[in-house]
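Peer 1: My structure file query16.cif, mmCIF, C-alpha atoms, is below:
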data_my_file
#
loop_
_atom_site.label_atom_id
_atom_site.label_comp_id
_atom_site.auth_asym_id
_atom_site.auth_seq_id
_atom_site.Cartn_x
_atom_site.Cartn_y
_atom_site.Cartn_z
CA MET A 1438 0.00 0.00 0.00
CA PRO A 1439 1.43 3.44 -0.94
CA VAL A 1440 2.65 5.62 1.92
CA PRO A 1441 0.58 8.82 2.24
CA LEU A 1442 2.66 11.90 1.55
CA PRO A 1443 3.25 13.78 4.83
CA PRO A 1444 1.61 17.23 4.71
CA ALA A 1445 4.90 18.96 5.60
CA LEU A 1446 6.64 17.26 2.67
CA GLU A 1447 3.79 18.14 0.31
CA GLN A 1448 4.32 21.80 1.22
CA PHE A 1449 7.83 21.59 -0.28
CA LEU A 1450 6.89 20.23 -3.70
CA ASP A 1451 7.06 23.74 -5.18
CA LEU A 1452 10.75 23.97 -4.23
CA LEU A 1453 12.02 20.40 -4.61
CA ARG A 1454 13.81 19.52 -7.83
CA CYS A 1455 14.53 16.10 -9.30
CA PRO A 1456 17.98 15.02 -8.06
CA THR A 1457 18.62 13.31 -11.41
CA CYS A 1458 17.42 16.01 -13.82
CA ARG A 1459 18.15 18.88 -11.45
CA THR A 1460 15.56 21.05 -13.21
CA HIS A 1461 12.19 19.30 -13.14
CA ARG A 1462 9.78 19.73 -10.28
CA LEU A 1463 8.65 16.69 -8.33
CA HIS A 1464 5.04 15.72 -7.86
CA ALA A 1465 3.34 13.21 -5.59
CA ASP A 1466 2.11 10.01 -7.20
CA ARG A 1467 0.93 6.92 -5.30
CA GLY A 1468 3.15 7.40 -2.29
CA ALA A 1469 6.24 8.43 -4.24
CA LEU A 1470 7.76 11.56 -5.74
CA ARG A 1471 8.14 11.64 -9.52
CA CYS A 1472 9.40 14.06 -12.13
CA PRO A 1473 8.07 14.51 -15.71
CA ALA A 1474 11.05 12.55 -17.08
CA GLY A 1475 9.97 9.48 -15.11
CA HIS A 1476 12.47 9.50 -12.27
CA THR A 1477 10.90 8.15 -9.08
CA PHE A 1478 11.84 8.57 -5.43
CA ASP A 1479 10.25 6.66 -2.59
CA VAL A 1480 8.70 8.20 0.48
CA ALA A 1481 9.69 5.99 3.41
CA ARG A 1482 7.00 4.80 5.76
CA HIS A 1483 8.75 6.86 8.45
CA GLY A 1484 7.86 10.02 6.50
CA TYR A 1485 11.05 11.19 4.80
CA ALA A 1486 11.74 11.38 1.08
CA ALA A 1487 14.47 9.01 -0.13
CA LEU A 1488 16.05 11.36 -2.66
CA LEU A 1489 19.57 10.00 -2.27
CA THR A 1490 19.32 7.18 -4.79
CA GLY A 1491 22.14 5.84 -6.91
CA THR A 1492 24.65 7.70 -4.75
CA ARG A 1493 26.50 6.48 -1.70
CA ALA A 1494 26.50 8.92 1.18
CA THR A 1495 29.90 9.84 2.57
CA SER A 1496 28.79 9.08 6.11
CA GLY A 1497 25.76 8.95 8.31
CA ASP A 1498 24.81 8.36 11.91
CA ASP A 1499 23.89 4.76 12.64
CA ALA A 1500 21.11 3.65 14.99
CA ALA A 1501 23.29 3.76 18.12
CA MET A 1502 24.56 7.28 17.34
CA THR A 1503 21.03 8.52 16.70
CA GLN A 1504 19.73 7.00 19.91
CA ALA A 1505 22.58 8.59 21.86
CA ARG A 1506 21.79 11.97 20.33
CA ASP A 1507 18.08 11.63 21.10
CA ARG A 1508 18.81 10.73 24.72
CA PHE A 1509 21.30 13.52 25.24
CA LEU A 1510 19.29 16.27 23.55
CA SER A 1511 16.22 15.25 25.55
CA THR A 1512 18.07 16.29 28.73
CA GLY A 1513 17.92 19.93 27.61
CA THR A 1514 21.66 20.40 28.04
CA TYR A 1515 22.05 21.98 24.60
CA MET A 1516 18.92 24.16 24.80
CA PRO A 1517 21.00 27.38 25.07
CA ILE A 1518 22.60 26.48 21.74
CA ARG A 1519 19.23 25.78 20.15
CA ASP A 1520 17.86 29.08 21.46
CA VAL A 1521 20.75 31.14 20.09
CA VAL A 1522 20.59 29.42 16.68
CA ALA A 1523 16.85 30.07 16.51
CA ARG A 1524 17.20 33.70 17.57
CA LEU A 1525 19.95 34.47 15.05
CA ALA A 1526 18.02 32.75 12.26
CA ALA A 1527 14.68 34.35 13.11
CA ALA A 1528 16.08 37.88 13.41
CA SER A 1529 15.71 38.64 9.70
CA ALA A 1530 13.34 35.90 8.55
CA PRO A 1531 9.87 36.71 7.16
CA GLU A 1532 6.78 35.33 8.87
CA GLN A 1533 6.26 32.73 6.13
CA ALA A 1534 9.92 31.72 6.01
CA THR A 1535 11.27 28.65 4.28
CA VAL A 1536 14.04 27.01 6.33
CA VAL A 1537 16.49 24.38 5.12
CA ASP A 1538 18.56 22.58 7.75
CA VAL A 1539 21.57 20.93 6.10
CA GLY A 1540 22.89 18.02 8.16
CA CYS A 1541 19.75 18.22 10.29
CA GLY A 1542 20.32 15.04 12.31
CA THR A 1543 17.21 14.36 14.35
CA GLY A 1544 15.70 17.77 13.57
CA HIS A 1545 16.32 19.21 17.04
CA TYR A 1546 17.54 22.63 15.89
CA LEU A 1547 15.10 22.90 12.99
CA ALA A 1548 12.20 22.28 15.37
CA GLY A 1549 13.52 24.98 17.70
CA LEU A 1550 13.53 27.55 14.90
CA LEU A 1551 10.06 26.55 13.69
CA ASP A 1552 8.80 27.13 17.24
CA HIS A 1553 10.17 30.68 16.96
CA LEU A 1554 8.53 31.21 13.55
CA PRO A 1555 4.89 30.06 13.72
CA GLY A 1556 4.32 30.64 10.01
CA ALA A 1557 7.51 28.98 8.74
CA ARG A 1558 8.07 25.63 7.06
CA GLY A 1559 11.25 23.58 7.34
CA LEU A 1560 13.10 20.91 5.40
CA GLY A 1561 15.85 18.83 6.95
CA LEU A 1562 18.51 17.16 4.79
CA ASP A 1563 20.72 14.39 6.13
CA THR A 1564 22.44 11.20 4.98
CA SER A 1565 21.36 9.15 7.98
CA VAL A 1566 18.07 7.32 7.50
CA ARG A 1567 18.05 6.60 11.23
CA ALA A 1568 18.24 10.29 12.07
CA LEU A 1569 15.70 11.17 9.37
CA ARG A 1570 13.12 8.97 11.03
CA SER A 1571 13.27 11.36 13.99
CA ALA A 1572 13.61 14.49 11.84
CA ALA A 1573 10.41 13.66 9.93
CA ARG A 1574 8.55 13.69 13.27
CA ALA A 1575 10.44 16.57 14.90
CA HIS A 1576 7.82 19.20 14.11
CA VAL A 1577 4.45 19.34 12.40
CA ARG A 1578 5.84 21.85 9.88
CA ALA A 1579 9.11 20.01 9.26
CA ALA A 1580 9.74 17.72 6.30
CA ALA A 1581 12.82 15.54 5.86
CA ALA A 1582 14.76 14.11 2.94
CA ALA A 1583 17.79 11.88 2.52
CA TRP A 1584 20.57 13.86 0.87
CA ASP A 1585 24.35 14.28 0.91
CA VAL A 1586 25.62 17.78 1.67
CA PHE A 1587 28.49 17.36 -0.79
CA HIS A 1588 26.15 16.99 -3.78
CA PRO A 1589 24.05 19.77 -5.37
CA PHE A 1590 20.94 20.13 -3.23
CA PRO A 1591 17.61 18.94 -4.72
CA LEU A 1592 16.19 22.45 -4.38
CA ALA A 1593 15.40 25.36 -6.67
CA ASP A 1594 17.66 28.41 -6.74
CA GLY A 1595 16.73 30.92 -4.06
CA ALA A 1596 14.41 28.48 -2.33
CA ALA A 1597 15.29 29.32 1.28
CA ASP A 1598 15.04 32.32 3.56
CA VAL A 1599 17.23 30.56 6.14
CA VAL A 1600 19.82 27.82 5.90
CA LEU A 1601 20.90 26.15 9.15
CA ASN A 1602 24.16 24.28 9.55
CA VAL A 1603 24.65 23.04 13.10
CA PHE A 1604 27.58 20.72 13.89
CA ALA A 1605 27.42 19.48 10.30
CA PRO A 1606 29.50 19.41 7.08
CA ARG A 1607 29.22 22.44 4.80
CA ASN A 1608 28.77 23.17 1.11
CA PRO A 1609 29.14 26.97 0.82
CA ALA A 1610 28.40 27.16 -2.91
CA GLU A 1611 25.11 25.30 -2.48
CA PHE A 1612 24.19 27.30 0.63
CA HIS A 1613 24.60 30.43 -1.49
CA ARG A 1614 22.64 29.04 -4.44
CA VAL A 1615 19.56 28.00 -2.48
CA LEU A 1616 19.43 31.12 -0.30
CA ARG A 1617 17.37 34.08 -1.41
CA PRO A 1618 19.39 37.31 -1.80
CA ALA A 1619 18.21 38.63 1.57
CA GLY A 1620 18.48 35.21 3.21
CA ARG A 1621 20.56 34.25 6.20
CA LEU A 1622 22.92 31.35 6.83
CA VAL A 1623 23.47 30.32 10.46
CA VAL A 1624 26.45 28.12 11.24
CA ALA A 1625 27.10 26.66 14.71
CA ARG A 1626 30.33 24.83 15.50
CA PRO A 1627 32.35 23.85 18.59
CA THR A 1628 35.28 25.89 19.86
CA GLY A 1629 38.49 24.34 21.13
CA ARG A 1630 37.09 24.49 24.67
CA HIS A 1631 34.04 22.38 23.85
CA LEU A 1632 33.88 19.30 26.12
CA THR A 1633 37.51 19.91 27.05
CA GLU A 1634 37.26 18.15 30.41
CA LEU A 1635 35.81 15.02 28.81
CA ARG A 1636 38.35 15.04 25.98
CA GLY A 1637 41.11 15.21 28.59
CA ARG A 1638 39.88 12.00 30.23
CA VAL A 1639 39.02 10.13 27.01
CA PRO A 1640 42.07 10.73 24.79
CA ALA A 1641 40.67 8.66 21.92
CA MET A 1642 37.91 11.23 21.29
CA VAL A 1643 38.18 13.18 18.06
CA THR A 1644 40.03 16.43 18.72
CA ILE A 1645 38.99 19.84 17.40
CA ASP A 1646 41.53 21.12 14.89
CA PRO A 1647 42.81 24.56 16.02
CA ALA A 1648 42.78 25.67 12.36
CA LYS A 1649 39.12 24.71 11.88
CA GLU A 1650 37.85 28.25 12.41
CA GLN A 1651 40.24 29.67 9.83
CA ARG A 1652 39.21 27.00 7.32
CA LEU A 1653 35.56 27.82 7.89
CA HIS A 1654 36.05 31.50 7.17
CA ARG A 1655 38.22 30.75 4.14
CA ALA A 1656 35.54 28.44 2.70
CA LEU A 1657 32.62 30.81 3.33
CA ASP A 1658 34.28 34.10 2.48
CA PRO A 1659 33.73 33.97 -1.33
CA PHE A 1660 30.00 33.57 -0.76
CA PHE A 1661 29.11 35.13 2.60
CA GLU A 1662 30.03 37.83 5.06
CA ALA A 1663 29.50 37.46 8.80
CA ALA A 1664 26.78 39.66 10.27
CA VAL A 1665 26.95 38.65 13.91
CA THR A 1666 28.68 35.97 15.98
CA GLU A 1667 27.68 34.82 19.46
CA ARG A 1668 29.65 32.60 21.78
CA VAL A 1669 27.59 30.16 23.83
CA GLU A 1670 29.65 28.87 26.74
CA TYR A 1671 28.63 27.36 30.04
CA THR A 1672 29.40 24.39 32.28
CA VAL A 1673 26.96 21.63 33.14
CA PRO A 1674 27.00 18.57 35.41
CA LEU A 1675 28.20 15.41 33.67
CA THR A 1676 26.72 12.04 34.52
CA GLN A 1677 28.24 8.82 33.24
CA GLN A 1678 25.25 8.31 30.91
CA ASN A 1679 25.62 11.81 29.49
CA ALA A 1680 29.34 11.20 28.97
CA LEU A 1681 28.56 8.00 27.09
CA ASP A 1682 25.97 9.77 24.95
CA LEU A 1683 28.19 12.78 24.24
CA VAL A 1684 30.83 10.44 22.86
CA GLY A 1685 28.28 8.15 21.22
CA MET A 1686 26.53 10.90 19.25
CA THR A 1687 29.70 12.23 17.60
CA PRO A 1688 32.20 10.85 15.06
CA SER A 1689 34.23 9.69 18.07
CA ALA A 1690 31.73 6.86 18.42
CA ARG A 1691 33.30 5.13 15.43
CA HIS A 1692 36.52 4.42 17.31
CA VAL A 1693 35.78 4.95 21.03
CA SER A 1694 34.02 2.15 22.85
CA ARG A 1695 31.81 2.34 25.93
CA ALA A 1696 34.66 0.70 27.82
CA ASP A 1697 37.01 3.50 26.73
CA VAL A 1698 34.70 6.08 28.28
CA ILE A 1699 34.10 4.36 31.60
CA ALA A 1700 37.58 2.87 31.98
CA ASP A 1701 38.61 5.94 33.94
CA SER A 1702 36.62 6.01 37.16
CA HIS A 1703 37.49 9.68 37.50
CA LEU A 1704 35.33 11.11 34.74
CA PRO A 1705 34.82 14.85 35.30
CA ASP A 1706 31.67 15.78 37.19
CA ARG A 1707 31.21 18.90 35.05
CA VAL A 1708 31.93 19.70 31.43
CA THR A 1709 32.23 22.89 29.39
CA VAL A 1710 29.90 23.50 26.46
CA SER A 1711 31.50 26.03 24.11
CA VAL A 1712 30.03 26.86 20.71
CA LEU A 1713 30.21 29.72 18.22
CA ALA A 1714 27.09 30.60 16.25
CA THR A 1715 27.41 33.00 13.33
CA ALA A 1716 24.74 34.53 11.12
CA TYR A 1717 25.98 35.21 7.59
CA GLN A 1718 24.59 37.34 4.78
CA ALA A 1719 25.09 36.40 1.14
CA ARG A 1720 27.56 38.42 -0.89
#
Would you mind writing the file's structure down as structure tokens?

Peer 2:
Amino acid sequence: MPVPLPPALEQFLDLLRCPTCRTHRLHADRGALRCPAGHTFDVARHGYAALLTGTRATSGDDAAMTQARDRFLSTGTYMPIRDVVARLAAASAPEQATVVDVGCGTGHYLAGLLDHLPGARGLGLDTSVRALRSAARAHVRAAAAAWDVFHPFPLADGAADVVLNVFAPRNPAEFHRVLRPAGRLVVARPTGRHLTELRGRVPAMVTIDPAKEQRLHRALDPFFEAAVTERVEYTVPLTQQNALDLVGMTPSARHVSRADVIADSHLPDRVTVSVLATAYQAR
């Protein structure tokens, strides 16, 4: 039996473009999305559009990573980050804004922005089908689609008023293409102080390259100029479960085991959260 098209996804049909043709619009047909040239893309029973067909994603969170992220974000520990991202994005967005969250994960930050913008609609793009199952349910006005950030987005030029990029890979040229001229890109990324106490006790965790900030600005500079940057930094209590989830929801999970995290009985009882969030305007 065909899967009914989720209403939030149907609201994006005017902006979605066939990933194969890259020009034709998609239309709903018997639980799938099709273009006039006959290319067909399934809508998963979990509610997201499977647009990433015939292409292997570069990476994607597996079930364990997604579950760890869901558990950790449900504690509210990262709510200050979500609030700042939403405020920066909403500052110049119209009431009926179209938001695209690239590397949306479970849709946590997209949902936060949609709460700030009652008339907005959102689309989350991610490679992880596990995460997309959550993203498709993250908000009544949020749709989700499987896509790889490093490929041209399946969206029309100038489709978005806001592009979000939170702890995710970036494609500056595509961000610029899909943003409207007055649109805003919001990028959130960790500083070198982020989770420093935990990284000190679990040496196998992925480190934050000190040159990462310079690379970010170098990559974005041809397309965007920074309008405002806010630093979000605070310390929070750290339980063993939260430590496990913080490691388990990041790329560190691919080479750090649960035993690696709990091997040291002297895990820190507090940890620093340190993130930069920047709103950019298109050049």

Peer 1: If I take atom CA of Glu1650 of chain A and atom CA of Ala1664 of chain A, how far is one from the other in Å, to one decimal?

Peer 2: 16.0 Å

Peer 1: Could you list as a VMD selection string every residue that has an atom within 9 Å of (11.0, 5.5, -4.1), using the file's coordinates and counting all atoms listed in the file?

Peer 2: chain A and resid 1468 to 1471 1477 to 1481 1486 to 1488 1490

Peer 1: I'd like the residues picked by the PyMOL selection byres ((chain A and resi 1540) around 12) written out as JSON, numbers by chain, using the chain letters and numbers from the file.

Peer 2: {"A": [1496, 1497, 1498, 1537, 1538, 1539, 1541, 1542, 1543, 1544, 1545, 1546, 1547, 1560, 1561, 1562, 1563, 1564, 1565, 1566, 1568, 1569, 1572, 1581, 1582, 1583, 1584, 1585, 1586, 1587, 1590, 1600, 1601, 1602, 1603, 1604, 1605, 1606, 1607, 1608, 1624, 1625]}

Peer 1: Skipping near chain neighbours, those fewer than 2 positions away, what residues fall within 6 Å of Arg1617 of chain A using only C-alpha atoms, listed as number ranges by chain?

Peer 2: A: 1595, 1597-1598, 1619-1620

Peer 1: Any chance you could resolve the PyMOL selection byres ((chain A and resi 1551) around 10) against this file and give the residues as number ranges by chain?

Peer 2: A: 1523, 1527, 1534-1536, 1546-1550, 1552-1559, 1576-1579

Peer 1: Between A:Arg1524, A:Arg1567, A:Arg1459, A:His1703, single out the one closest to Asp1594 of chain A, counting only C-alpha atoms.

Peer 2: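 With only C-alpha atoms as the atom set, the closest residue is A:Arg1459.
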
Peer 1: So which one's closest to Glu1667 of chain A, A:Ala1580, A:Leu1592, A:Ala1465, A:Val1521? Using all atoms listed in the file, please.

Peer 2: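 That would be A:Val1521, the residue with the smallest distance to Glu1667 of chain A.
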
Peer 1: Closest to Arg1668 of chain A among A:Gly1637, A:Leu1713, A:Thr1687, A:Gly1629, using all atoms listed in the file?

Peer 2: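 Counting all atoms listed in the file, the residue closest to Arg1668 of chain A is A:Leu1713.
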
Peer 1: Provide the atom CA of Ala1501 of chain A to atom CA of Ala1680 of chain A distance in Å, to one decimal place.

Peer 2: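 Distance between the two atoms: 14.5 Å.
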
Peer 1: Between atom CA of Phe1509 of chain A and atom CA of Val1708 of chain A, what distance in Å does the model show, to one decimal?

Peer 2: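 Separation of atom CA of Phe1509 of chain A and atom CA of Val1708 of chain A: 13.8 Å.
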
Peer 1: Closest to Val1639 of chain A among A:Val1623, A:Ala1690, A:Val1599, A:Leu1704, using only C-alpha atoms?

Peer 2: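 Of the candidates, the smallest distance to Val1639 of chain A is held by A:Leu1704.
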
Peer 1: Pick the closest to Ala1593 of chain A from A:Leu1442, A:Ala1641, A:Leu1463, A:Ala1573: which is it, counting only C-alpha atoms?

Peer 2: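 Of A:Leu1442, A:Ala1641, A:Leu1463, A:Ala1573, the one nearest Ala1593 of chain A, counting only C-alpha atoms, is A:Leu1463.
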
Peer 1: Determine the residue set returned by the PyMOL selection byres ((chain A and resi 1474) around 12) for the present structure, and present it as number ranges by chain.

Peer 2: A: 1454-1464, 1470-1473, 1475-1477

Peer 1: Please check which residues have atoms at most 12 Å from (30.0, 15.7, 28.5) in the file's coordinates, counting only C-alpha atoms, and write them as number ranges by chain.

Peer 2: A: 1509-1510, 1512, 1514-1515, 1630-1639, 1642, 1671-1687, 1698, 1704-1711

Peer 1: Counting only C-alpha atoms, which of A:Pro1517, A:Pro1627, A:Met1502, A:Ala1656 gets nearest to Phe1612 of chain A?

Peer 2: A:Ala1656
